[in-house]
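Some notes on the structure that comes next.
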Amino acid sequence: MADGSDSWTVWLDRHGPALVLLARQWSTCRADAEDIVQEAFVRFWRSRERVEDPAAYLFACVKHCALDSHRGRQRQLRREEASARPEVEPLFAGPIELDERRWAIESALRELPASQAEVLVMKVWGGLTFPQIAAALETSVNTVASRYRYALARLREQLAEESIR
Amino acid sequence: MNEHDQLGAELAALRPLPPSHELKQRIAAELTEPAMHSQPLAPASRRHSHGPLWLAALCGPIAACLIYFLLRGSPVERPPTDPSDLRTQATISAAFDDNLPSLWSYRGAADQSFDQLDALLDKHATHFPEPKPQRAGAFVSAFGLSDSQLEDLLGEL
């Protein structure tokens, strides 16, 4: 890669936040999510030259590792411990004056079905195109676009309910 | 700008938390160490990493065969089996077989109790029933007399 993107740190700096956010969809704590990203990123980096679209492949790796991890028994124990903890770790950084809105968006995002949340994360924060997301999820572009629209509609509903409360 | 675009823009304005410094360090450590522990290894390095296993799988059976032949001895050098050896082996095995009547088994049972001895006798009685009457002639003929000679003899008595 002649543009300097052949360094793994460039890839991690560019996609790391979205990858961790994506992994959080299947994990209850940030430590688990980072474990997933670590495994997925190393796997991606060692086999990236064999794929046509490395960015889509990177997100696909995170999803596969997240699903594997989700099924793991050891993670199960940590999930139980994390669910017993009352505090919720934040997903986003932002100014304090927008904290309330940010928390509302985070809670709405957590309520989304995983199939919609993953599309939203890849599109909005991962910067992937619909065809790239379709390749990563091994589904059609139309399905991806539909899930994106449903996700936004559902988020809007939940945020409206939240503002009424 | 429609509602979807507005919400999309608001979402895009949020910045997901970056990976921790520890994550970077862990990835750096994994990527700089030899590629022995990762799953998506190239086929060549995978073969290399499993080399000792293949070696053990090949050498194990060969070593087992060598040990077997060393302990057993070469079949060419082995002297022909003496038939008397086989008879001796059969006798020895029969002596320790409780299903067969032998001095050894009777003595062992008698040492324990009379009930054991009775039980052993009953056992052998069922295993070795009394000769049937039609075979009696065969035993008698062992004395060298024919059936007709025996009948004559019995008639005289």
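Following the order of the structure tokens, chains are lettered A, B, ..., residues in each are numbered from 1, and ligands are numbered from 1.
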
Contact check, chain B to chain A, at most 6 Å, counting only C-alpha atoms, closest pairs as CSV:
```
residue,atom,partner,partner_atom,distance
B:Ala12,CA,A:Val124,CA,5.6
B:Arg15,CA,A:Phe92,CA,5.4
B:Pro16,CA,A:Phe92,CA,4.2
B:Leu17,CA,A:Phe92,CA,5.1
B:Pro18,CA,A:Pro17,CA,4.4
B:Pro19,CA,A:Gly16,CA,5.9
B:Ile27,CA,A:Gln38,CA,5.9
```

**Item:** helix (DSSP H, G or I) residues, from DSSP on the backbone, in segment 7-88 of chain A, as JSON, numbers by chain
**Value:** {"A": [8, 9, 10, 11, 12, 13, 14, 15, 16, 17, 18, 19, 20, 21, 22, 23, 24, 30, 31, 32, 33, 34, 35, 36, 37, 38, 39, 40, 41, 42, 43, 44, 45, 46, 47, 48, 49, 50, 54, 55, 56, 57, 58, 59, 60, 61, 62, 63, 64, 65, 66, 67, 68, 69, 70, 71, 73, 74, 75, 76, 77, 78, 79, 80, 81, 82, 83, 84]}

**Complete:** If you count only C-alpha atoms, the residue of A:Leu128, A:Leu67, A:Ala135, A:Val10 closest to Ala114 of chain A turns out to be A:Leu67

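Distance annotation: of A:Arg110, A:Ala134, A:Glu100, A:Arg24, the residue with the minimal separation from Val62 of chain A is A:Arg24; atom set is only C-alpha atoms.
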
**Prompt:** Mind pulling up the distance from atom CA of Ala56 of chain A to atom CA of Ala136 of chain A?
**Reply:** 5.0 Å

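Atom CA of Trp26 of chain A is positioned 28.7 Å from atom CA of Glu33 of chain B.
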
**Request:** Using only C-alpha atoms, determine which residues lie at most 12 Å from Thr143 of chain A, disregarding the query and same-chain residues fewer than 2 positions distant; provide the list as an NGL selection string.
**Result:** :A and (115-116 or 119 or 130-131 or 133-135 or 137-141 or 145-150)

Take the residues from that selection and put them in a file with C-alpha atoms, as a PDB file, in the first residue's frame.
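part_22.pdb was written with the following content:
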```pdb
ATOM      1  CA  SER A 115     -28.513  -6.624  12.976  1.00  0.00           C
ATOM      2  CA  GLN A 116     -29.457  -2.949  12.760  1.00  0.00           C
ATOM      3  CA  VAL A 119     -25.055  -1.631  10.092  1.00  0.00           C
ATOM      4  CA  PHE A 130     -23.416   0.027   1.736  1.00  0.00           C
ATOM      5  CA  PRO A 131     -21.641  -2.373  -0.665  1.00  0.00           C
ATOM      6  CA  ILE A 133     -21.122  -3.393   4.676  1.00  0.00           C
ATOM      7  CA  ALA A 134     -22.933  -5.933   2.541  1.00  0.00           C
ATOM      8  CA  ALA A 135     -19.619  -7.650   1.844  1.00  0.00           C
ATOM      9  CA  LEU A 137     -22.006  -9.072   6.602  1.00  0.00           C
ATOM     10  CA  GLU A 138     -22.317 -11.391   3.591  1.00  0.00           C
ATOM     11  CA  THR A 139     -25.735 -10.077   2.687  1.00  0.00           C
ATOM     12  CA  SER A 140     -27.294  -7.931  -0.041  1.00  0.00           C
ATOM     13  CA  VAL A 141     -26.911  -4.185  -0.409  1.00  0.00           C
ATOM     14  CA  ALA A 145     -29.831  -0.197   3.275  1.00  0.00           C
ATOM     15  CA  SER A 146     -33.139  -1.347   4.771  1.00  0.00           C
ATOM     16  CA  ARG A 147     -31.544  -2.154   8.107  1.00  0.00           C
ATOM     17  CA  TYR A 148     -29.924   1.269   8.147  1.00  0.00           C
ATOM     18  CA  ARG A 149     -33.243   3.006   7.553  1.00  0.00           C
ATOM     19  CA  TYR A 150     -34.985   0.882  10.192  1.00  0.00           C
TER      20      TYR A 150
END
```

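You will find atom CA of Arg48 of chain A at 11.3 Å from atom CA of Trp11 of chain A.
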